[in-house]
>>> print(open('work14.txt').read())   # compact mmCIF, C-alpha atoms
# COMPACT_ATOMS: atom_id res chain seq x y z
CA MET A 1 116.25 128.12 114.05
CA ILE A 2 112.80 126.49 114.13
CA ASP A 3 112.12 122.94 115.24
CA SER A 4 112.99 120.60 112.35
CA SER A 5 109.71 118.71 112.78
CA ILE A 6 107.64 121.63 111.46
CA TRP A 7 109.69 122.73 108.44
CA ILE A 8 107.23 121.41 105.86
CA GLU A 9 104.23 123.08 107.52
CA ARG A 10 106.19 126.29 108.12
CA PHE A 11 106.90 126.79 104.43
CA ARG A 12 103.61 125.42 103.08
CA PRO A 13 101.82 128.17 101.07
CA LYS A 14 98.94 129.73 103.01
CA ASN A 15 97.06 131.20 100.04
CA PHE A 16 96.88 131.00 96.24
CA ASP A 17 99.41 133.81 95.75
CA GLU A 18 102.14 131.86 97.58
CA ILE A 19 101.81 128.74 95.40
CA VAL A 20 104.61 128.59 92.81
CA GLY A 21 105.03 126.65 89.59
CA GLN A 22 101.35 125.87 88.91
CA ASP A 23 100.03 129.23 87.67
CA VAL A 24 97.46 127.92 85.17
CA ILE A 25 95.97 125.44 87.64
CA VAL A 26 95.85 128.03 90.43
CA LYS A 27 94.07 130.51 88.17
CA ARG A 28 91.34 128.02 87.23
CA ILE A 29 90.80 126.72 90.77
CA LYS A 30 90.77 130.26 92.19
CA ALA A 31 87.87 131.07 89.85
CA PHE A 32 85.89 128.12 91.27
CA VAL A 33 86.57 129.25 94.83
CA GLU A 34 85.59 132.85 94.15
CA SER A 35 82.22 131.61 92.87
CA LYS A 36 81.76 129.74 96.20
CA ASN A 37 81.27 126.49 94.32
CA ILE A 38 83.65 123.75 93.22
CA PRO A 39 83.12 120.45 91.39
CA HIS A 40 84.70 117.17 92.46
CA LEU A 41 88.42 117.53 91.69
CA LEU A 42 91.11 115.06 90.66
CA LEU A 43 94.61 116.45 91.22
CA ALA A 44 97.12 114.26 89.40
CA GLY A 45 100.88 114.54 89.21
CA PRO A 46 104.23 113.70 90.83
CA PRO A 47 104.78 114.09 94.59
CA GLY A 48 105.75 117.39 96.18
CA VAL A 49 104.30 119.73 93.55
CA GLY A 50 101.42 121.26 95.52
CA LYS A 51 98.40 118.94 95.21
CA SER A 52 97.60 118.61 98.92
CA THR A 53 98.55 122.24 99.52
CA ILE A 54 96.04 123.48 96.97
CA ALA A 55 93.32 121.36 98.59
CA LEU A 56 94.09 122.96 101.98
CA VAL A 57 94.09 126.46 100.47
CA ILE A 58 90.72 125.77 98.81
CA ALA A 59 89.24 124.79 102.18
CA LYS A 60 90.67 127.82 103.99
CA GLU A 61 89.54 130.25 101.28
CA LEU A 62 86.04 128.77 101.08
CA PHE A 63 85.23 128.27 104.75
CA GLY A 64 87.42 130.83 106.47
CA GLU A 65 87.47 130.31 110.26
CA TYR A 66 85.20 127.24 109.93
CA TRP A 67 87.53 125.35 107.60
CA MET A 68 88.60 122.69 110.12
CA GLY A 69 85.00 121.67 110.76
CA ASN A 70 84.19 121.45 107.06
CA PHE A 71 87.31 119.71 105.79
CA VAL A 72 88.77 116.26 106.40
CA GLU A 73 91.87 114.66 104.94
CA LEU A 74 92.16 110.88 104.62
CA ASN A 75 95.30 109.17 103.39
CA ALA A 76 94.12 106.42 101.09
CA SER A 77 97.48 104.64 101.12
CA SER A 78 97.09 103.68 104.79
CA ASP A 79 93.28 103.32 104.88
CA ARG A 80 92.61 101.85 101.48
CA GLY A 81 89.77 99.38 102.01
CA ILE A 82 86.06 99.60 101.30
CA ASN A 83 85.17 100.08 105.00
CA VAL A 84 86.84 103.50 105.00
CA ILE A 85 84.49 104.66 102.25
CA ARG A 86 81.42 103.06 103.81
CA GLU A 87 82.08 104.39 107.31
CA ASP A 88 84.47 107.35 107.64
CA VAL A 89 83.70 109.02 104.31
CA LYS A 90 79.92 108.53 104.44
CA ASN A 91 79.63 109.67 108.05
CA PHE A 92 81.39 112.92 107.25
CA ALA A 93 79.69 113.46 103.89
CA ARG A 94 76.10 113.08 105.13
CA THR A 95 76.28 115.83 107.79
CA LYS A 96 75.50 119.48 107.10
CA SER A 97 78.31 121.99 106.69
CA ILE A 98 79.05 124.83 109.10
CA GLY A 99 78.75 128.37 107.71
CA ASN A 100 77.31 129.76 104.49
CA VAL A 101 78.91 127.26 102.07
CA PRO A 102 76.42 124.42 101.43
CA PHE A 103 78.96 121.61 101.20
CA LYS A 104 81.96 120.09 102.99
CA ILE A 105 85.23 118.90 101.42
CA ILE A 106 86.89 115.50 101.72
CA LEU A 107 90.48 115.19 100.53
CA LEU A 108 91.44 111.63 99.62
CA ASP A 109 95.22 111.85 99.45
CA GLU A 110 96.97 109.17 97.38
CA ALA A 111 93.60 108.02 96.05
CA ASP A 112 95.35 105.83 93.47
CA SER A 113 96.13 103.46 96.36
CA LEU A 114 92.45 102.72 96.99
CA THR A 115 91.39 99.16 96.20
CA ARG A 116 89.06 98.58 93.27
CA ASP A 117 86.15 97.75 95.62
CA ALA A 118 86.77 100.94 97.58
CA GLN A 119 86.74 102.97 94.37
CA GLN A 120 83.44 101.38 93.33
CA ALA A 121 81.95 102.35 96.70
CA LEU A 122 83.40 105.85 96.35
CA ARG A 123 81.81 106.22 92.93
CA ARG A 124 78.32 105.76 94.42
CA THR A 125 79.09 107.95 97.44
CA MET A 126 80.18 110.84 95.20
CA GLU A 127 76.78 110.70 93.46
CA GLN A 128 74.67 110.26 96.59
CA TYR A 129 76.18 113.10 98.63
CA SER A 130 77.13 115.57 95.88
CA ASN A 131 74.83 118.24 97.40
CA THR A 132 76.48 118.16 100.82
CA CYS A 133 80.06 117.16 100.03
CA ARG A 134 82.74 117.73 97.40
CA PHE A 135 85.60 115.29 96.93
CA ILE A 136 89.18 116.22 96.09
CA LEU A 137 91.20 113.19 94.98
CA SER A 138 94.98 113.48 94.94
CA ALA A 139 96.90 110.87 92.93
CA ASN A 140 100.38 110.32 91.58
CA TYR A 141 99.01 108.05 88.82
CA SER A 142 95.57 109.05 87.54
CA SER A 143 95.45 105.92 85.36
CA ARG A 144 94.86 103.88 88.54
CA ILE A 145 91.63 105.77 89.22
CA LEU A 146 88.54 104.12 87.72
CA SER A 147 87.16 105.83 84.62
CA PRO A 148 83.68 106.38 86.18
CA ILE A 149 85.32 108.35 89.01
CA GLN A 150 87.49 110.35 86.61
CA SER A 151 84.41 111.27 84.58
CA ARG A 152 82.80 112.75 87.72
CA CYS A 153 85.80 115.00 88.40
CA THR A 154 87.41 118.04 86.89
CA ILE A 155 90.99 116.87 86.32
CA PHE A 156 94.04 119.02 86.92
CA ARG A 157 97.42 117.63 85.89
CA PHE A 158 100.38 119.00 87.82
CA LYS A 159 103.95 119.21 86.52
CA PRO A 160 107.26 119.04 88.40
CA LEU A 161 108.40 122.47 89.58
CA ASP A 162 110.74 124.26 87.17
CA LYS A 163 114.07 125.86 88.09
CA GLU A 164 112.56 129.30 88.60
CA SER A 165 110.00 127.93 91.08
CA ILE A 166 112.64 125.90 92.94
CA ASN A 167 114.79 129.04 93.13
CA LYS A 168 111.94 130.98 94.74
CA ILE A 169 111.48 128.29 97.39
CA ILE A 170 115.23 128.14 98.11
CA ASP A 171 115.41 131.95 98.41
CA ARG A 172 112.45 132.01 100.81
CA VAL A 173 113.87 129.26 103.03
CA CYS A 174 117.32 130.90 103.07
CA LYS A 175 115.85 134.28 103.98
CA GLU A 176 113.70 132.98 106.84
CA GLU A 177 116.24 130.47 108.17
CA LYS A 178 119.33 132.65 107.57
CA LEU A 179 121.05 130.04 105.42
CA LYS A 180 123.71 130.58 102.76
CA VAL A 181 123.60 128.58 99.52
CA ASP A 182 126.28 129.01 96.86
CA ASP A 183 125.67 128.56 93.12
CA LYS A 184 126.97 124.97 92.98
CA ALA A 185 124.82 124.01 95.98
CA MET A 186 121.82 125.61 94.26
CA GLU A 187 122.38 123.39 91.21
CA ALA A 188 122.80 120.36 93.46
CA LEU A 189 119.53 121.09 95.27
CA MET A 190 117.72 121.37 91.94
CA TYR A 191 119.25 118.09 90.78
CA VAL A 192 118.39 116.02 93.86
CA SER A 193 114.89 117.49 94.32
CA SER A 194 113.81 116.81 90.70
CA GLY A 195 111.01 119.36 90.94
CA ASP A 196 109.74 118.05 94.31
CA ALA A 197 109.33 120.94 96.79
CA ARG A 198 108.82 118.61 99.76
CA ARG A 199 112.07 116.75 99.04
CA LEU A 200 113.85 120.07 98.52
CA GLU A 201 112.77 121.38 101.93
CA ASN A 202 113.64 118.10 103.63
CA VAL A 203 117.15 118.17 102.14
CA MET A 204 117.66 121.81 103.13
CA GLN A 205 116.40 121.05 106.63
CA SER A 206 118.87 118.17 106.99
CA CYS A 207 121.73 120.31 105.69
CA SER A 208 120.86 123.14 108.09
CA MET A 209 121.26 120.79 111.05
CA ILE A 210 124.96 120.46 110.10
CA SER A 211 125.82 123.93 108.84
CA ASN A 212 124.21 127.28 108.00
CA LYS A 213 126.30 127.29 104.83
CA ILE A 214 124.95 124.71 102.37
CA THR A 215 127.54 123.45 99.88
CA GLU A 216 127.41 121.05 96.93
CA ASP A 217 129.35 118.38 98.84
CA LEU A 218 127.02 118.66 101.84
CA VAL A 219 123.91 118.24 99.68
CA TYR A 220 125.17 115.06 98.00
CA GLU A 221 126.41 113.73 101.33
CA ILE A 222 122.98 114.24 102.94
CA VAL A 223 121.00 112.55 100.16
CA SER A 224 123.59 109.80 99.57
CA ALA A 225 123.73 110.47 95.84
CA ALA A 226 126.63 110.61 93.41
CA LYS A 227 127.52 113.87 91.74
CA PRO A 228 126.46 114.05 88.07
CA LYS A 229 130.10 114.53 87.02
CA GLU A 230 131.04 111.25 88.74
CA ILE A 231 128.37 109.33 86.84
CA LYS A 232 129.36 111.05 83.61
CA GLU A 233 133.00 110.04 84.17
CA ILE A 234 131.97 106.37 84.53
CA LEU A 235 130.01 106.51 81.28
CA GLU A 236 132.77 108.26 79.38
CA PHE A 237 135.29 105.61 80.46
CA ALA A 238 132.88 102.94 79.19
CA ILE A 239 132.27 104.67 75.84
CA GLU A 240 136.04 105.07 75.34
CA GLY A 241 136.48 101.32 75.85
CA LYS A 242 138.19 101.61 79.25
CA PHE A 243 136.18 98.88 80.94
CA SER A 244 138.48 98.34 83.95
CA GLN A 245 138.58 102.05 84.79
CA ALA A 246 134.80 102.36 84.40
CA LYS A 247 134.26 99.36 86.66
CA GLU A 248 136.65 100.65 89.34
CA LYS A 249 135.10 104.12 89.27
CA LEU A 250 131.60 102.64 89.51
CA LEU A 251 132.53 100.54 92.54
CA ASP A 252 134.26 103.50 94.19
CA VAL A 253 131.22 105.76 93.70
CA MET A 254 128.78 103.16 95.00
CA LEU A 255 130.83 102.45 98.13
CA LYS A 256 131.60 106.12 98.84
CA HIS A 257 127.96 107.22 98.67
CA GLY A 258 126.35 103.97 99.85
CA LEU A 259 124.29 103.62 96.66
CA SER A 260 122.21 100.61 95.69
CA GLY A 261 122.13 99.24 92.17
CA LEU A 262 118.73 100.82 91.54
CA ASP A 263 120.00 104.23 92.69
CA ILE A 264 122.97 104.13 90.33
CA VAL A 265 120.91 102.94 87.34
CA LYS A 266 118.49 105.86 87.78
CA GLN A 267 121.36 108.33 87.90
CA ILE A 268 123.00 106.71 84.85
CA GLN A 269 119.71 107.00 82.97
CA GLY A 270 119.59 110.73 83.72
CA GLU A 271 123.17 111.36 82.59
CA ILE A 272 122.86 109.49 79.27
CA TRP A 273 121.14 112.53 77.76
CA ASN A 274 124.23 114.67 78.49
CA LEU A 275 126.66 112.38 76.65
CA LYS A 276 128.12 113.36 73.28
CA ILE A 277 126.67 110.43 71.35
CA SER A 278 123.96 110.12 68.73
CA ASP A 279 120.29 110.24 69.68
CA ASN A 280 119.78 106.69 68.41
CA ARG A 281 122.47 105.40 70.75
CA LYS A 282 120.97 107.35 73.65
CA ILE A 283 117.63 105.66 73.00
CA GLU A 284 119.25 102.21 72.91
CA LEU A 285 121.06 102.85 76.20
CA ILE A 286 117.95 104.22 77.92
CA ASP A 287 116.14 101.06 76.85
CA LYS A 288 118.97 98.97 78.30
CA CYS A 289 118.75 100.87 81.62
CA GLY A 290 115.06 99.97 81.82
CA GLU A 291 115.88 96.31 81.21
CA ILE A 292 118.63 96.30 83.86
CA GLU A 293 116.39 97.98 86.42
CA PHE A 294 113.68 95.36 85.81
CA ARG A 295 116.19 92.55 86.33
CA MET A 296 117.35 94.11 89.62
CA VAL A 297 113.78 94.47 90.88
CA GLU A 298 113.25 90.79 90.06
CA GLY A 299 116.25 89.86 92.21
CA SER A 300 119.27 89.71 89.87
CA ASP A 301 122.77 90.42 91.23
CA GLU A 302 123.33 94.21 91.18
CA PHE A 303 127.05 94.24 90.41
CA LEU A 304 126.71 91.67 87.63
CA GLN A 305 123.89 93.68 86.02
CA LEU A 306 125.82 96.95 86.29
CA GLU A 307 128.88 95.39 84.70
CA GLY A 308 126.63 94.17 81.92
CA LEU A 309 125.28 97.71 81.49
CA ILE A 310 128.81 99.15 81.22
CA ALA A 311 129.72 96.45 78.68
CA ASN A 312 126.64 97.42 76.69
CA PHE A 313 127.88 101.02 76.52
CA MET A 314 131.11 99.76 74.97
CA LYS A 315 129.29 97.46 72.56
CA ASN A 316 127.02 100.22 71.36
CA ASP A 317 130.01 102.49 70.86
CA LYS A 318 131.45 100.12 68.28
CA THR A 319 128.25 99.36 66.33
>>> encode(input="work14.txt", output="C-alpha cells")
Amino acid sequence: MIDSSIWIERFRPKNFDEIVGQDVIVKRIKAFVESKNIPHLLLAGPPGVGKSTIALVIAKELFGEYWMGNFVELNASSDRGINVIREDVKNFARTKSIGNVPFKIILLDEADSLTRDAQQALRRTMEQYSNTCRFILSANYSSRILSPIQSRCTIFRFKPLDKESINKIIDRVCKEEKLKVDDKAMEALMYVSSGDARRLENVMQSCSMISNKITEDLVYEIVSAAKPKEIKEILEFAIEGKFSQAKEKLLDVMLKHGLSGLDIVKQIQGEIWNLKISDNRKIELIDKCGEIEFRMVEGSDEFLQLEGLIANFMKNDKT
C-alpha cells in the first residue's frame, strides 16, 4: 500500500481523458489548449470537483516538459493581501515564458478569499500582462469575485460529481489499492462525500489504514457522521408526536458519533426531503433548519435549539 501522504496526488487525473464528471467543461477547455491559446479563466464551483486539477492539466498539455517553469500556483486564502499581487504575481507575470507558448500561467486558488484591494490590483495586472501571462482563478463562490475581473475571464461553472463519476473513482482506487467495498459502503461513501472527490479519497484512505474491506459502519465511524436511517428515525418519532423518544434518540446519536449541533442540523436538513410529508411542510422545515443553524452560529445553546427544532416538527405535523 502506498504512503497515505500521497493519495490525493496519486489519484489526481494526469490528462483530460482521466477527468470525470465535467465532460462539457473539459471539451471546451481542451479546444482552447489544442489551439495553443487560452483566455483568462474563472473556474467556479464546490470543492473537490476538479478545478485545480484542470488547471494543472492545462499547464502540462500546453507546456509539456517545461510546464513547471511556466506555471505557478498561489493559494489566495493564505496569501490574500495586495502585496502578493504587487510582488509575487507581477514578478512572475512580467518574465518571458520558456518554450514555444508565448505566455505563462498563474493559478490563483481560492481567489474568492482575496481582499477587495488585492482584487483591484489583480484587475490592472491582468490587463497589463495579458500578452505574457494568463490567469486561472479558482473560486468556490464566484459572487465574491469583482465584476470587472469576471468580465475579463471566461467562466466555467463546475457541478458536484454525480454517482456515476464517484463510482468510477471508487472503482479505480479499489483496483489500484486492492480494497473491497460492498454495496452499502458504496452508498455510504457517496453520501459522506457529497460529490467531492477529494473528500471521497481522504475517507477511503483513512478506512484503508484500518481494513482492506471497507464497510458502511467503518465509513460512518471514520467521518463521525450519523447514518441517514438514524436521522430519519429521529424525524419520524418527532412527526408521530413521540417527543421523548425523538429527544433520546437524538442525544444517543450525537454522543455515539461525537456530532456537534451544526453537524446534526445539516444531516437533518438533508433527510427532510426523504420524509413522507407534503412539499409545503418540507419547505417550512427546511426554513426552520436554516433559522436554527443561524442561531447556533451566533452562539445559542445547541441542545436547546435542537429540542426546539424537534418540537417544530411536531407542531407542523398538526397544522
>>> closest_residue(input="work14.txt", among="A:Asn312, A:Ser206, A:Ser142, A:Gln22", to="Leu114 (chain A)", atoms="only C-alpha atoms")
A:Ser142
>>> residues_around(input="work14.txt", residues="Asp196 (chain A)", least_positions_apart="4", cutoff="7 Å", atoms="only C-alpha atoms", output="PyMOL selection string")
chain A and resi 47-49+160-161+200
>>> axis_aligned_box(input="work14.txt", around="region 133-139 of chain A", padding_each_side="5 Å", output="lines of an AutoDock Vina configuration file")
center_x = 88.5
center_y = 114.3
center_z = 96.5
size_x = 26.8
size_y = 16.9
size_z = 17.1
>>> atom_distance(input="work14.txt", atom1="CA of Ile231 (chain A)", atom2="CA of Leu250 (chain A)")
7.9 Å
>>> residues_around(input="work14.txt", residues="region 103-112 of chain A", least_positions_apart="4", cutoff="8 Å", atoms="all atoms listed in the file", output="list of chain:residue names")
A:Ser52, A:Ala55, A:Ala59, A:Asn70, A:Phe71, A:Val72, A:Glu73, A:Leu74, A:Asn75, A:Ala76, A:Ser77, A:Val89, A:Ala93, A:Lys96, A:Ser97, A:Asn131, A:Thr132, A:Cys133, A:Arg134, A:Phe135, A:Ile136, A:Leu137, A:Ser138, A:Ala139, A:Asn140, A:Tyr141, A:Ser142, A:Arg144, A:Ile145
>>> atom_distance(input="work14.txt", atom1="CA of Lys266 (chain A)", atom2="CA of Ser194 (chain A)")
12.3 Å
>>> residues_around(input="work14.txt", residues="Lys276 (chain A)", least_positions_apart="3", cutoff="12 Å", atoms="all atoms listed in the file", output="PDB file with C-alpha atoms, in the coordinates of the input")
ATOM      1  CA  LYS A 232     129.360 111.050  83.610  1.00  0.00           C
ATOM      2  CA  LEU A 235     130.010 106.510  81.280  1.00  0.00           C
ATOM      3  CA  GLU A 236     132.770 108.260  79.380  1.00  0.00           C
ATOM      4  CA  ILE A 239     132.270 104.670  75.840  1.00  0.00           C
ATOM      5  CA  GLU A 240     136.040 105.070  75.340  1.00  0.00           C
ATOM      6  CA  GLU A 271     123.170 111.360  82.590  1.00  0.00           C
ATOM      7  CA  ILE A 272     122.860 109.490  79.270  1.00  0.00           C
ATOM      8  CA  TRP A 273     121.140 112.530  77.760  1.00  0.00           C
ATOM      9  CA  ASP A 279     120.290 110.240  69.680  1.00  0.00           C
ATOM     10  CA  ASN A 280     119.780 106.690  68.410  1.00  0.00           C
ATOM     11  CA  ARG A 281     122.470 105.400  70.750  1.00  0.00           C
ATOM     12  CA  LYS A 282     120.970 107.350  73.650  1.00  0.00           C
ATOM     13  CA  ASP A 317     130.010 102.490  70.860  1.00  0.00           C
TER      14      ASP A 317
END
>>> closest_residue(input="work14.txt", among="A:Ile98, A:Ile283, A:Leu262, A:Ala311", to="Glu298 (chain A)", atoms="all atoms listed in the file")
A:Leu262
>>> atom_distance(input="work14.txt", atom1="CA of Tyr129 (chain A)", atom2="CA of Arg152 (chain A)")
12.8 Å
>>> closest_residue(input="work14.txt", among="A:Pro102, A:Pro148, A:Gly270, A:Gly299", to="Lys229 (chain A)", atoms="only C-alpha atoms")
A:Gly270
>>> residues_around(input="work14.txt", residues="Asp182 (chain A)", least_positions_apart="5", cutoff="12 Å", atoms="only C-alpha atoms", output="VMD selection string")
chain A and resid 170 to 171 174 187 to 189 212 to 219
>>> closest_residue(input="work14.txt", among="A:Asp162, A:Leu122, A:Gly308, A:Phe303", to="Glu291 (chain A)", atoms="all atoms listed in the file")
A:Gly308
>>> residues_around(input="work14.txt", residues="His257 (chain A)", least_positions_apart="5", cutoff="12 Å", atoms="all atoms listed in the file", output="PyMOL selection string")
chain A and resi 217-227+230+250-252+263-264
>>> decode(input="work14.txt", residues="region 277-293 of chain A", atoms="N, CA, C and O atoms", output="mmCIF file, in the first residue's frame")
data_model
loop_
_atom_site.group_PDB
_atom_site.id
_atom_site.type_symbol
_atom_site.label_atom_id
_atom_site.label_comp_id
_atom_site.auth_asym_id
_atom_site.auth_seq_id
_atom_site.Cartn_x
_atom_site.Cartn_y
_atom_site.Cartn_z
ATOM 1 N N ILE A 277 -44.031 13.492 3.850
ATOM 2 C CA ILE A 277 -44.859 14.638 4.228
ATOM 3 C C ILE A 277 -45.029 15.516 2.996
ATOM 4 O O ILE A 277 -44.331 15.331 1.985
ATOM 5 N N SER A 278 -45.931 16.474 3.070
ATOM 6 C CA SER A 278 -46.196 17.318 1.910
ATOM 7 C C SER A 278 -45.006 18.224 1.600
ATOM 8 O O SER A 278 -44.186 18.522 2.468
ATOM 9 N N ASP A 279 -44.933 18.672 0.360
ATOM 10 C CA ASP A 279 -43.842 19.560 -0.061
ATOM 11 C C ASP A 279 -43.868 20.872 0.713
ATOM 12 O O ASP A 279 -42.816 21.427 1.045
ATOM 13 N N ASN A 280 -45.062 21.381 0.998
ATOM 14 C CA ASN A 280 -45.161 22.638 1.751
ATOM 15 C C ASN A 280 -44.560 22.502 3.140
ATOM 16 O O ASN A 280 -43.867 23.407 3.625
ATOM 17 N N ARG A 281 -44.802 21.362 3.777
ATOM 18 C CA ARG A 281 -44.240 21.135 5.113
ATOM 19 C C ARG A 281 -42.722 20.967 5.049
ATOM 20 O O ARG A 281 -41.988 21.397 5.933
ATOM 21 N N LYS A 282 -42.251 20.319 3.992
ATOM 22 C CA LYS A 282 -40.799 20.172 3.810
ATOM 23 C C LYS A 282 -40.136 21.541 3.708
ATOM 24 O O LYS A 282 -39.087 21.791 4.314
ATOM 25 N N ILE A 283 -40.767 22.442 2.961
ATOM 26 C CA ILE A 283 -40.222 23.792 2.790
ATOM 27 C C ILE A 283 -40.176 24.525 4.129
ATOM 28 O O ILE A 283 -39.197 25.191 4.470
ATOM 29 N N GLU A 284 -41.252 24.405 4.903
ATOM 30 C CA GLU A 284 -41.305 25.053 6.221
ATOM 31 C C GLU A 284 -40.196 24.531 7.138
ATOM 32 O O GLU A 284 -39.545 25.296 7.861
ATOM 33 N N LEU A 285 -39.963 23.220 7.101
ATOM 34 C CA LEU A 285 -38.971 22.620 7.983
ATOM 35 C C LEU A 285 -37.543 22.951 7.537
ATOM 36 O O LEU A 285 -36.658 23.135 8.365
ATOM 37 N N ILE A 286 -37.329 23.016 6.237
ATOM 38 C CA ILE A 286 -36.018 23.438 5.727
ATOM 39 C C ILE A 286 -35.726 24.863 6.180
ATOM 40 O O ILE A 286 -34.608 25.197 6.612
ATOM 41 N N ASP A 287 -36.744 25.714 6.091
ATOM 42 C CA ASP A 287 -36.590 27.100 6.539
ATOM 43 C C ASP A 287 -36.253 27.161 8.029
ATOM 44 O O ASP A 287 -35.414 27.951 8.468
ATOM 45 N N LYS A 288 -36.887 26.289 8.806
ATOM 46 C CA LYS A 288 -36.620 26.245 10.248
ATOM 47 C C LYS A 288 -35.195 25.774 10.524
ATOM 48 O O LYS A 288 -34.532 26.283 11.444
ATOM 49 N N CYS A 289 -34.701 24.811 9.743
ATOM 50 C CA CYS A 289 -33.315 24.338 9.898
ATOM 51 C C CYS A 289 -32.329 25.487 9.677
ATOM 52 O O CYS A 289 -31.341 25.618 10.401
ATOM 53 N N GLY A 290 -32.609 26.312 8.663
ATOM 54 C CA GLY A 290 -31.745 27.461 8.397
ATOM 55 C C GLY A 290 -31.729 28.435 9.563
ATOM 56 O O GLY A 290 -30.675 28.964 9.947
ATOM 57 N N GLU A 291 -32.906 28.645 10.147
ATOM 58 C CA GLU A 291 -33.004 29.545 11.308
ATOM 59 C C GLU A 291 -32.238 28.990 12.512
ATOM 60 O O GLU A 291 -31.505 29.719 13.192
ATOM 61 N N ILE A 292 -32.382 27.695 12.754
ATOM 62 C CA ILE A 292 -31.701 27.054 13.888
ATOM 63 C C ILE A 292 -30.190 27.097 13.697
ATOM 64 O O ILE A 292 -29.429 27.368 14.640
ATOM 65 N N GLU A 293 -29.729 26.837 12.485
ATOM 66 C CA GLU A 293 -28.290 26.870 12.216
ATOM 67 C C GLU A 293 -27.727 28.273 12.471
ATOM 68 O O GLU A 293 -26.660 28.435 13.070
#
